[in-house]
Every structure is written in structure tokens, then in C-alpha cells.
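Peer 1: If it helps, the file is called target.cif and holds mmCIF, C-alpha atoms:
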data_run
loop_
_atom_site.label_atom_id
_atom_site.label_comp_id
_atom_site.auth_asym_id
_atom_site.auth_seq_id
_atom_site.Cartn_x
_atom_site.Cartn_y
_atom_site.Cartn_z
CA MET A 1 -23.02 25.94 24.28
CA ARG A 2 -21.40 26.82 20.95
CA ARG A 3 -21.46 23.69 18.81
CA VAL A 4 -17.90 24.03 17.57
CA ALA A 5 -15.77 20.91 17.40
CA THR A 6 -12.19 21.09 18.64
CA ARG A 7 -9.20 19.03 17.63
CA ARG A 8 -10.12 16.64 20.43
CA GLY A 9 -13.69 16.37 19.21
CA MET A 10 -14.98 18.21 22.30
CA PRO A 11 -17.62 20.95 22.27
CA THR A 12 -16.34 24.44 23.12
CA VAL A 13 -17.72 26.68 25.86
CA THR A 14 -16.73 30.31 25.27
CA VAL A 15 -16.13 32.65 28.20
CA LEU A 16 -15.67 36.43 28.20
CA ALA A 17 -14.31 37.98 31.42
CA ILE A 18 -13.91 41.76 31.88
CA ASP A 19 -11.84 43.33 34.66
CA GLY A 20 -12.74 46.27 36.86
CA GLY A 21 -11.03 49.58 36.15
CA GLY A 22 -13.46 52.50 36.39
CA ILE A 23 -13.50 54.94 33.49
CA ARG A 24 -10.90 52.71 31.82
CA GLY A 25 -13.79 50.34 31.11
CA MET A 26 -14.03 52.11 27.76
CA ILE A 27 -10.90 50.17 26.72
CA PRO A 28 -12.54 46.70 26.72
CA ALA A 29 -15.77 48.32 25.51
CA ALA A 30 -13.99 49.73 22.45
CA PHE A 31 -12.25 46.41 21.83
CA LEU A 32 -15.58 44.57 21.99
CA ASN A 33 -17.09 47.13 19.64
CA ARG A 34 -14.44 46.15 17.09
CA LEU A 35 -15.15 42.49 17.77
CA GLU A 36 -18.87 42.95 17.11
CA GLN A 37 -18.15 44.89 13.92
CA GLN A 38 -15.70 42.30 12.60
CA THR A 39 -17.89 39.27 13.34
CA GLY A 40 -21.29 40.79 12.60
CA HIS A 41 -22.63 39.30 15.85
CA PRO A 42 -23.35 40.75 19.29
CA VAL A 43 -21.26 39.65 22.25
CA SER A 44 -24.22 37.68 23.64
CA GLU A 45 -24.11 35.42 20.56
CA LEU A 46 -20.34 34.99 20.59
CA PHE A 47 -19.93 33.89 24.21
CA ASP A 48 -21.67 31.29 26.37
CA TYR A 49 -20.62 33.16 29.51
CA VAL A 50 -20.12 36.90 29.95
CA ALA A 51 -18.71 37.93 33.33
CA GLY A 52 -17.47 41.24 34.65
CA THR A 53 -16.47 42.94 37.87
CA SER A 54 -17.11 46.58 38.77
CA THR A 55 -16.98 48.56 35.51
CA GLY A 56 -16.63 45.17 33.79
CA GLY A 57 -19.84 44.10 35.50
CA ILE A 58 -21.65 47.09 34.03
CA LEU A 59 -20.39 46.03 30.59
CA ALA A 60 -21.36 42.38 31.17
CA LEU A 61 -24.90 43.37 32.11
CA GLY A 62 -25.25 45.79 29.20
CA LEU A 63 -23.91 43.28 26.69
CA GLY A 64 -25.73 40.25 28.09
CA LEU A 65 -29.25 41.36 29.12
CA ARG A 66 -32.20 42.07 26.86
CA ARG A 67 -33.53 45.60 26.98
CA PRO A 68 -37.25 46.22 27.59
CA ASN A 69 -39.39 45.92 24.46
CA GLN A 70 -36.36 44.65 22.54
CA ASP A 71 -34.87 41.23 22.04
CA LYS A 72 -31.30 42.43 22.14
CA PRO A 73 -28.81 43.91 24.60
CA TYR A 74 -26.82 47.11 24.19
CA THR A 75 -24.11 47.09 21.58
CA ALA A 76 -20.54 47.67 22.68
CA ALA A 77 -20.59 50.96 20.75
CA GLU A 78 -23.54 52.15 22.85
CA LEU A 79 -21.63 51.31 26.02
CA VAL A 80 -18.58 53.23 24.83
CA SER A 81 -20.95 56.19 24.48
CA LEU A 82 -22.12 55.65 28.06
CA TYR A 83 -18.60 56.24 29.38
CA ILE A 84 -18.08 59.29 27.19
CA ALA A 85 -21.44 60.89 27.91
CA GLN A 86 -21.94 59.95 31.56
CA GLY A 87 -18.46 59.63 33.06
CA GLN A 88 -18.47 63.16 34.39
CA HIS A 89 -21.92 62.74 35.93
CA ILE A 90 -20.92 59.50 37.68
CA PHE A 91 -17.76 61.05 39.13
CA SER A 92 -19.34 64.33 40.23
CA ARG A 93 -19.45 65.75 43.74
CA SER A 94 -20.69 69.03 45.09
CA PHE A 95 -18.75 71.46 47.23
CA PHE A 96 -20.96 70.52 50.19
CA HIS A 97 -20.16 66.82 49.71
CA ILE A 98 -16.44 67.57 49.61
CA VAL A 99 -16.70 69.60 52.82
CA GLY A 100 -18.90 67.04 54.60
CA ALA A 101 -16.67 64.13 53.63
CA LEU A 102 -13.51 66.12 54.46
CA GLY A 103 -12.37 65.44 50.94
CA ASN A 104 -12.37 61.67 51.29
CA LEU A 105 -11.41 61.19 54.94
CA ASN A 106 -14.88 61.18 56.46
CA GLY A 107 -16.99 59.61 53.70
CA PRO A 108 -16.95 58.17 50.20
CA LYS A 109 -15.23 60.28 47.58
CA TYR A 110 -18.41 60.45 45.50
CA PRO A 111 -22.10 60.47 46.51
CA HIS A 112 -24.31 57.71 45.15
CA ASP A 113 -26.73 60.06 43.39
CA GLY A 114 -24.84 60.41 40.12
CA VAL A 115 -24.03 56.74 39.59
CA ASP A 116 -27.53 55.72 40.70
CA ASP A 117 -29.14 58.08 38.18
CA VAL A 118 -27.02 56.77 35.30
CA LEU A 119 -27.54 53.08 36.12
CA LYS A 120 -31.29 53.49 36.66
CA THR A 121 -31.57 55.20 33.30
CA TYR A 122 -29.50 52.73 31.27
CA PHE A 123 -30.85 49.59 32.98
CA ALA A 124 -34.46 50.70 33.45
CA GLY A 125 -36.84 47.73 33.43
CA MET A 126 -34.03 45.17 33.10
CA ARG A 127 -33.54 42.23 35.46
CA LEU A 128 -30.91 39.54 35.81
CA ARG A 129 -33.38 36.96 34.47
CA ASP A 130 -33.43 38.84 31.13
CA ALA A 131 -30.03 37.48 30.11
CA ARG A 132 -29.54 36.28 26.52
CA THR A 133 -26.44 34.38 27.55
CA ASN A 134 -25.03 33.28 30.92
CA VAL A 135 -24.08 36.41 32.85
CA MET A 136 -22.12 36.43 36.11
CA VAL A 137 -21.19 39.46 38.23
CA PRO A 138 -19.24 39.27 41.52
CA ALA A 139 -19.84 41.44 44.59
CA TYR A 140 -18.93 41.11 48.26
CA ALA A 141 -21.47 40.83 51.12
CA ILE A 142 -20.12 42.97 53.96
CA GLU A 143 -22.64 41.84 56.60
CA LEU A 144 -22.36 38.16 55.70
CA ARG A 145 -18.59 38.51 55.14
CA CYS A 146 -18.52 36.35 52.03
CA PRO A 147 -18.29 36.53 48.23
CA PHE A 148 -21.63 37.08 46.50
CA PHE A 149 -22.19 36.05 42.88
CA PHE A 150 -25.05 37.29 40.74
CA ARG A 151 -25.73 34.45 38.26
CA SER A 152 -28.31 34.85 35.52
CA TRP A 153 -28.92 31.10 35.18
CA GLN A 154 -30.01 30.98 38.82
CA ALA A 155 -32.32 33.96 38.27
CA GLN A 156 -33.87 32.08 35.33
CA ALA A 157 -34.23 28.76 37.17
CA LYS A 158 -37.78 28.11 38.35
CA ALA A 159 -36.67 26.97 41.80
CA ALA A 160 -34.56 30.08 42.43
CA ALA A 161 -36.37 32.71 40.38
CA THR A 162 -37.39 34.85 43.34
CA THR A 163 -34.34 34.39 45.56
CA HIS A 164 -31.70 35.03 42.89
CA ASP A 165 -33.28 37.60 40.57
CA PHE A 166 -32.38 41.28 40.97
CA GLU A 167 -32.90 44.52 39.09
CA ALA A 168 -29.98 45.00 36.72
CA TRP A 169 -29.20 48.50 37.93
CA GLN A 170 -28.80 47.24 41.48
CA VAL A 171 -26.44 44.48 40.34
CA ALA A 172 -24.35 47.10 38.50
CA ARG A 173 -24.42 49.41 41.51
CA CYS A 174 -23.24 46.69 43.91
CA THR A 175 -20.35 45.40 41.82
CA SER A 176 -19.05 48.95 41.29
CA ALA A 177 -19.34 50.11 44.92
CA ALA A 178 -15.59 50.41 45.44
CA PRO A 179 -14.74 51.18 49.08
CA THR A 180 -13.72 54.82 49.63
CA PHE A 181 -15.10 55.77 46.19
CA PHE A 182 -18.83 55.01 46.60
CA PRO A 183 -20.98 53.85 49.50
CA PRO A 184 -22.14 50.22 49.67
CA HIS A 185 -25.51 49.35 48.18
CA ARG A 186 -28.27 47.28 49.73
CA ALA A 187 -29.71 45.19 46.90
CA GLN A 188 -33.17 43.63 47.10
CA ALA A 189 -33.93 40.26 45.52
CA ALA A 190 -37.29 39.49 43.96
CA ASP A 191 -38.41 37.80 47.20
CA GLY A 192 -37.70 40.96 49.24
CA GLN A 193 -34.51 39.72 50.89
CA THR A 194 -31.78 42.37 51.00
CA TYR A 195 -27.99 42.14 50.93
CA ALA A 196 -25.44 44.85 51.75
CA LEU A 197 -22.82 44.62 49.00
CA ILE A 198 -19.62 46.25 47.78
CA ASP A 199 -17.32 45.94 44.77
CA GLY A 200 -16.48 42.37 43.76
CA GLY A 201 -13.00 43.60 42.90
CA MET A 202 -12.07 43.03 46.54
CA TYR A 203 -11.50 39.38 45.62
CA ALA A 204 -12.26 38.98 41.88
CA ASN A 205 -11.29 42.14 40.02
CA ASN A 206 -10.41 39.77 37.19
CA PRO A 207 -13.37 37.35 37.11
CA ALA A 208 -11.81 34.97 34.56
CA LEU A 209 -10.89 32.22 37.02
CA CYS A 210 -14.26 32.36 38.83
CA THR A 211 -16.06 32.07 35.50
CA TRP A 212 -13.81 29.27 34.28
CA VAL A 213 -14.69 27.28 37.40
CA GLU A 214 -18.42 27.89 36.87
CA ALA A 215 -18.20 26.83 33.22
CA HIS A 216 -16.10 23.78 34.02
CA ASP A 217 -18.51 22.65 36.75
CA ARG A 218 -21.52 23.02 34.45
CA HIS A 219 -19.84 21.60 31.33
CA PRO A 220 -17.21 19.11 32.56
CA ASP A 221 -16.77 17.47 29.15
CA ALA A 222 -16.26 20.68 27.17
CA GLU A 223 -13.17 22.61 26.19
CA ILE A 224 -13.33 26.07 27.73
CA LEU A 225 -12.10 29.05 25.74
CA VAL A 226 -11.48 32.10 27.94
CA VAL A 227 -11.14 35.61 26.52
CA SER A 228 -10.06 37.85 29.40
CA LEU A 229 -10.02 41.62 28.91
CA GLY A 230 -8.14 43.98 31.21
CA THR A 231 -8.52 47.74 31.54
CA GLY A 232 -4.91 48.82 31.19
CA ASN A 233 -2.22 48.72 33.82
CA GLN A 234 -1.43 50.74 36.92
CA SER A 235 2.15 51.71 36.13
CA LYS A 236 2.90 54.13 39.00
CA PRO A 237 5.01 52.20 41.53
CA VAL A 238 4.65 52.24 45.30
CA ARG A 239 8.22 53.03 46.31
CA TYR A 240 9.79 51.30 49.25
CA ASP A 241 11.35 54.45 50.65
CA ASP A 242 7.88 56.00 50.84
CA ALA A 243 5.93 52.95 52.01
CA LYS A 244 8.30 51.75 54.76
CA ASP A 245 7.10 54.43 57.16
CA TRP A 246 3.43 54.46 56.22
CA GLY A 247 0.64 53.73 58.63
CA LEU A 248 -3.08 53.66 57.91
CA ALA A 249 -3.17 57.20 56.54
CA GLY A 250 -0.23 56.61 54.23
CA TRP A 251 -1.50 53.31 52.81
CA ALA A 252 -5.14 54.36 52.45
CA PRO A 253 -4.84 56.16 49.08
CA HIS A 254 -2.93 53.23 47.53
CA LEU A 255 -4.46 50.13 49.09
CA ILE A 256 -7.43 49.67 46.75
CA ASP A 257 -5.25 49.91 43.63
CA VAL A 258 -2.69 47.49 45.08
CA ILE A 259 -5.38 44.96 46.03
CA PHE A 260 -7.22 45.15 42.71
CA ASP A 261 -4.09 44.98 40.56
CA GLY A 262 -2.68 42.14 42.63
CA VAL A 263 -5.91 40.14 42.37
CA SER A 264 -6.11 40.62 38.60
CA ASP A 265 -2.49 39.68 37.98
CA THR A 266 -2.72 36.61 40.23
CA VAL A 267 -5.65 35.28 38.21
CA ASP A 268 -3.60 35.73 35.02
CA VAL A 269 -0.80 33.60 36.43
CA GLU A 270 -3.16 30.95 37.80
CA LEU A 271 -5.11 30.62 34.55
CA ASP A 272 -1.86 30.36 32.64
CA ASP A 273 -0.94 27.41 34.87
CA VAL A 274 -4.38 25.90 34.30
CA ARG A 275 -4.04 26.33 30.54
CA ARG A 276 -0.71 24.53 30.52
CA GLY A 277 -1.70 21.81 32.95
CA VAL A 278 -5.20 20.63 32.04
CA HIS A 279 -5.11 20.09 28.28
CA ALA A 280 -6.67 16.69 28.91
CA THR A 281 -9.87 18.43 30.01
CA GLY A 282 -9.44 21.39 27.73
CA CYS A 283 -8.80 25.05 28.42
CA GLY A 284 -7.78 27.88 26.15
CA ASP A 285 -7.00 31.35 27.47
CA TRP A 286 -6.43 34.64 25.68
CA ARG A 287 -5.68 37.77 27.64
CA THR A 288 -5.38 41.42 26.65
CA GLY A 289 -5.09 44.62 28.63
CA ARG A 290 -1.65 44.49 30.28
CA ALA A 291 0.87 46.76 28.65
CA GLN A 292 3.84 47.06 31.00
CA SER A 293 6.64 44.55 31.49
CA ARG A 294 7.56 43.91 35.11
CA GLY A 295 10.56 42.70 37.05
CA SER A 296 9.59 39.45 38.76
CA ASP A 297 8.92 36.16 37.00
CA ALA A 298 5.26 36.17 38.03
CA CYS A 299 4.63 39.73 36.86
CA GLY A 300 6.65 39.13 33.72
CA ALA A 301 4.43 36.18 32.89
CA VAL A 302 1.41 38.45 33.15
CA ALA A 303 2.96 41.04 30.87
CA ARG A 304 3.91 38.43 28.30
CA ARG A 305 0.30 37.25 28.19
CA ARG A 306 -0.75 40.40 26.29
CA VAL A 307 -2.10 38.39 23.36
CA VAL A 308 -4.68 39.91 21.04
CA GLN A 309 -4.92 37.24 18.34
CA PHE A 310 -8.31 35.88 19.30
CA PRO A 311 -9.26 32.53 17.70
CA LEU A 312 -12.58 33.84 16.41
CA ASP A 313 -12.87 30.97 13.97
CA ARG A 314 -13.84 28.99 17.07
CA LEU A 315 -16.47 31.57 18.01
CA ARG A 316 -18.18 32.47 14.75
CA ARG A 317 -15.75 31.36 12.02
CA SER A 318 -14.61 34.97 11.63
CA GLN A 319 -11.19 36.62 11.72
CA MET A 320 -9.95 39.73 13.45
CA ASP A 321 -6.94 41.89 12.69
CA ALA A 322 -4.86 41.43 15.84
CA ASP A 323 -2.68 44.46 15.12
CA GLY A 324 -5.80 46.59 14.81
CA GLY A 325 -7.03 45.36 18.19
CA ALA A 326 -3.68 46.15 19.79
CA GLU A 327 -3.68 49.62 18.25
CA THR A 328 -7.20 50.25 19.59
CA ILE A 329 -6.01 49.52 23.12
CA SER A 330 -2.84 51.57 22.61
CA GLN A 331 -4.81 54.59 21.42
CA LEU A 332 -7.26 54.38 24.30
CA ASN A 333 -4.48 54.06 26.87
CA ARG A 334 -2.88 57.19 25.47
CA SER A 335 -6.20 59.05 25.54
CA LEU A 336 -6.87 58.30 29.20
CA SER A 337 -4.76 60.81 31.10
CA HIS A 338 -3.41 59.97 34.54
CA GLY A 339 -5.50 62.80 35.95
CA GLN A 340 -8.84 61.15 35.17
CA GLU A 341 -10.77 59.70 38.09
CA VAL A 342 -10.84 55.92 38.26
CA LEU A 343 -13.57 53.83 39.81
CA ARG A 344 -12.54 50.20 40.09
#
Please express the file's structure as C-alpha cells.
Peer 2:
Amino acid sequence: MRRVATRRGMPTVTVLAIDGGGIRGMIPAAFLNRLEQQTGHPVSELFDYVAGTSTGGILALGLGLRRPNQDKPYTAAELVSLYIAQGQHIFSRSFFHIVGALGNLNGPKYPHDGVDDVLKTYFAGMRLRDARTNVMVPAYAIELRCPFFFRSWQAQAKAAATTHDFEAWQVARCTSAAPTFFPPHRAQAADGQTYALIDGGMYANNPALCTWVEAHDRHPDAEILVVSLGTGNQSKPVRYDDAKDWGLAGWAPHLIDVIFDGVSDTVDVELDDVRRGVHATGCGDWRTGRAQSRGSDACGAVARRRVVQFPLDRLRRSQMDADGGAETISQLNRSLSHGQEVLR
């Protein structure tokens, strides 16, 4: 826990939550690179909890786990390079895969080989127990039909070391196994037990609320500061005149995006209510990554929460140029064309 006193004399627990969003994960990665440069500290020293879903889970693991033969995780700059150098390999498919899967109708859009190769390379020798800070990554257990949380503090606990510890690459593979994009992954715990898992974005594409609950349960007397990073906004509407006659085939190409965006935006609204309503127990919340204003009150509230003035004096007594952070996100959003493939 960061020993920083608040106005109420309470200790502060700092939480970083990173959304899913596929190749758009380079947006929060670039923002965190600027954060590390401005503070002079790695993410693992700035935050008590680092959580991420799907592409955000890959970032959380890279930023929070020690690498073999080193006492430090990847830097955010190194993870930006991962997206640039390996994005095409992750989202590659052969002609024979396209034919066998009938495009995407009879199988996942991408084979697992490319993403497996990249994750095994970047997370070689790393396990969940190697966390330098508290790391949490959501997935969904399709055979058990329930949410499944990878928690580093459980992997490090003596009583649960074998049942809750996993290879880092498998954790990353599970949380990014978006249905229709990649096949599920069967992850094996240190005790040999296996779990069939898919993308945690099915229920927690924005893991901020899940992580707030974990932090609040473990530190009930602390003020909780949440920094929640999105991956940009899906601005293409689903038009009523098109959707009113859709069946399964019509909805299939849009359903994952609708679910993931809806889940992320709902968490924004709920945490905003929490922030306003529980000041007695303490909760701060800063959110960035939503760029479009919307029509309804709920969606408008999400859009208005695009705040990039992070109170870093409560993290490491440093300051960050908020306008520079906003410009970083703006530039990255412009650089990501609508034609690029997106893995949630």
C-alpha cells in the first residue's frame, strides 16, 4: 500500500485498470509510457493493483510481473514495441485457414499459432507468482460457466501456491481469447488442474469495478484511487433500420463489439456513482479513453468522464502535463485506421 496520507488521514490504495481493445491496446501502452517517463518510476511502483482484460491483461502482466533473471517487468515502451512489431503476426491467417473456417463462419477468424508464439516468447519463464505488485486478470470459464479471476496474491500465498499459479503466457492467452476471433485456451495450474477459458471481456472488458471491489475488500480502511484506461471508442453505430430484421447471421459480426462496449461503459457509470456516493469510505476515479459524446444521459456521463489530469502527487509526488496525455491519445486514435483488425 502506498503510504500517502489523504485529506481524511487515510492511506491510499492505487489501482490501474486497463480495458480490452485488441491492437488499440497501444493507446494505453503509449499513455503509460509517458507516465513512466514523467514520474521516473515503473508502473509496478506507482500502483498497488494493476488489472487488465484481454489486450489490457497482456499489458497488466507485462507491466506487473518480473522477467526471468531480472528484478523488473517490461517497460511500457517495450510493450508499445510489442504491438508494433508483432501485431501482424498475431492477426495472421493462411489461405488454408480462411478456406477451412469459411472465412469466419466455421471457425475462429485467426488460428492460435501466431498469438501463442508471441505470448510464449514475451512471457517465457514468467509465472503469475512473479508479480511485483498485485496483478489481476479476468477470464471466463466456459465449462464451469462462471467468471474466472487470475490473482497474483493468491498465486503467491503459501496455501494456494499450486492451485492458483499459472504460466503468464497462458493467462495472457486466456484473457485475450475473444469468441469468434481466437479459439478458447485450456490453462493448466501448477497443480495440474486445467480450465477451459475465454476472454474476460465477456463480463469485465473494463476491469475497474472488479478491481475496486478487490481492493476495498482487502483494504477496507483505505481510500482507493482508480486510474481506468480505455482503448478508444467504437464510433460506428448499429442502425435500427439495419438491425430490426437481423437474425443470428446479421447480429454475429456486431455482437462482440456491442457487448464489450456496453460492459465498459456500464462500469464507467457505476464507478462514477460509487465515487459520488461513498466519500465516507474513500474512492477517487480518473478515466481516460472515451472520445465521443453520446446521446443518452448514461452515455453522455461516460463521455464527460474523459479526464486526463491524473493526481500523480498522490502516486509519486510527480506531475504530468494533462494536455500532453490527451494529445498522445488523440494522435494514436488518428493513427489507428478503421481497417485494422481488432482483438478485444
Peer 1: Given the file shown, determine the residues that the PyMOL selection byres ((chain A and resi 198) around 8) selects; report them as a list in words.
Peer 2: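 With the PyMOL selection byres ((chain A and resi 198) around 8) on this model, the match is Ala139, Tyr140, Ala141, Ile142, Cys174, Thr175, Ser176, Ala177, Ala178, Pro179, Pro183, Pro184, His185, Ala196, Leu197, Asp199 and Gly200 of chain A.
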Peer 1: Quote the spacing between CA of Thr231 (chain A) and CA of Val118 (chain A) in Å to one decimal place.
Peer 2: 20.9 Å
Peer 1: Nearest residue to Asp268 (chain A) out of A:Gly247, A:Gly56, A:Gly230, A:Pro68, using all atoms listed in the file?
Peer 2: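 Among the listed residues, the smallest separation from Asp268 (chain A) belongs to A:Gly230.
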Peer 1: Between CA of Ala131 (chain A) and CA of Gly64 (chain A), measure the distance and give it in Å to one decimal.
Peer 2: 5.5 Å
Peer 1: Give the answer as one residue: which of A:Val226, A:Gly25, A:Tyr240, A:Ile84 has the shortest atom-to-atom distance to Thr53 (chain A), using all atoms listed in the file?
Peer 2: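 Using all atoms listed in the file, the shortest distance to Thr53 (chain A) belongs to A:Gly25.
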Peer 1: For the structure provided, state which residues fall under the PyMOL selection byres ((chain A and resi 259-262) around 9), and present them as a PDB file with C-alpha atoms, keeping the file's coordinate frame.
Peer 2:
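Produced file selection-v8.pdb, reproduced below:
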ATOM      1  CA  GLY A  20     -12.740  46.270  36.860  1.00  0.00           C
ATOM      2  CA  GLY A  21     -11.030  49.580  36.150  1.00  0.00           C
ATOM      3  CA  GLY A 201     -13.000  43.600  42.900  1.00  0.00           C
ATOM      4  CA  MET A 202     -12.070  43.030  46.540  1.00  0.00           C
ATOM      5  CA  TYR A 203     -11.500  39.380  45.620  1.00  0.00           C
ATOM      6  CA  ALA A 204     -12.260  38.980  41.880  1.00  0.00           C
ATOM      7  CA  ASN A 205     -11.290  42.140  40.020  1.00  0.00           C
ATOM      8  CA  ASN A 206     -10.410  39.770  37.190  1.00  0.00           C
ATOM      9  CA  ASN A 233      -2.220  48.720  33.820  1.00  0.00           C
ATOM     10  CA  GLN A 234      -1.430  50.740  36.920  1.00  0.00           C
ATOM     11  CA  HIS A 254      -2.930  53.230  47.530  1.00  0.00           C
ATOM     12  CA  LEU A 255      -4.460  50.130  49.090  1.00  0.00           C
ATOM     13  CA  ILE A 256      -7.430  49.670  46.750  1.00  0.00           C
ATOM     14  CA  ASP A 257      -5.250  49.910  43.630  1.00  0.00           C
ATOM     15  CA  VAL A 258      -2.690  47.490  45.080  1.00  0.00           C
ATOM     16  CA  VAL A 263      -5.910  40.140  42.370  1.00  0.00           C
ATOM     17  CA  SER A 264      -6.110  40.620  38.600  1.00  0.00           C
ATOM     18  CA  ASP A 265      -2.490  39.680  37.980  1.00  0.00           C
ATOM     19  CA  THR A 266      -2.720  36.610  40.230  1.00  0.00           C
ATOM     20  CA  VAL A 267      -5.650  35.280  38.210  1.00  0.00           C
ATOM     21  CA  ARG A 344     -12.540  50.200  40.090  1.00  0.00           C
TER      22      ARG A 344
END
Peer 1: With distances taken over all atoms listed in the file, which of A:Ser44, A:Thr55, A:Thr75, A:Thr12 is nearest to Arg24 (chain A)?
Peer 2: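 Nearest candidate to Arg24 (chain A) out of A:Ser44, A:Thr55, A:Thr75, A:Thr12: A:Thr55.
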Peer 1: Have a look at CA of Arg145 (chain A) and CA of Tyr195 (chain A) and let me know their distance in Å, one decimal.
Peer 2: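 Going from CA of Arg145 (chain A) over to CA of Tyr195 (chain A) covers 10.9 Å.
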Peer 1: For the structure shown, which residues end up in the PyMOL selection byres ((chain A and resi 74) around 8)? Put them as a PyMOL selection string, please?
Peer 2: chain A and resi 62-67+72-73+75-76+78-79
Peer 1: In terms of the shortest atom-to-atom distance over all atoms listed in the file, which of A:Val137, A:Asp19, A:Arg127, A:Ile27 is closest to Ala161 (chain A)?
Peer 2: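 Nearest candidate to Ala161 (chain A) out of A:Val137, A:Asp19, A:Arg127, A:Ile27: A:Arg127.
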Peer 1: Which residue gives the smallest distance to His216 (chain A) among A:His41, A:Val115, A:Thr14, A:Met126, with all atoms listed in the file counted?
Peer 2: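 Under the stated criterion, the closest residue is A:Thr14.
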Peer 1: Measuring between all atoms listed in the file, which one of A:Leu209, A:Pro42, A:Ala30, A:Ala249 shows the shortest distance to Val269 (chain A)?
Peer 2: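 Comparing A:Leu209, A:Pro42, A:Ala30, A:Ala249 against Val269 (chain A), the winner is A:Leu209.
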Peer 1: Select, counting all atoms listed in the file, all protein, DNA and RNA residues no farther than 7 Å from (-32.5, 44.7, 39.1) in file coordinates, and express the selection as a PyMOL selection string.
Peer 2: chain A and resi 126-128+166-171
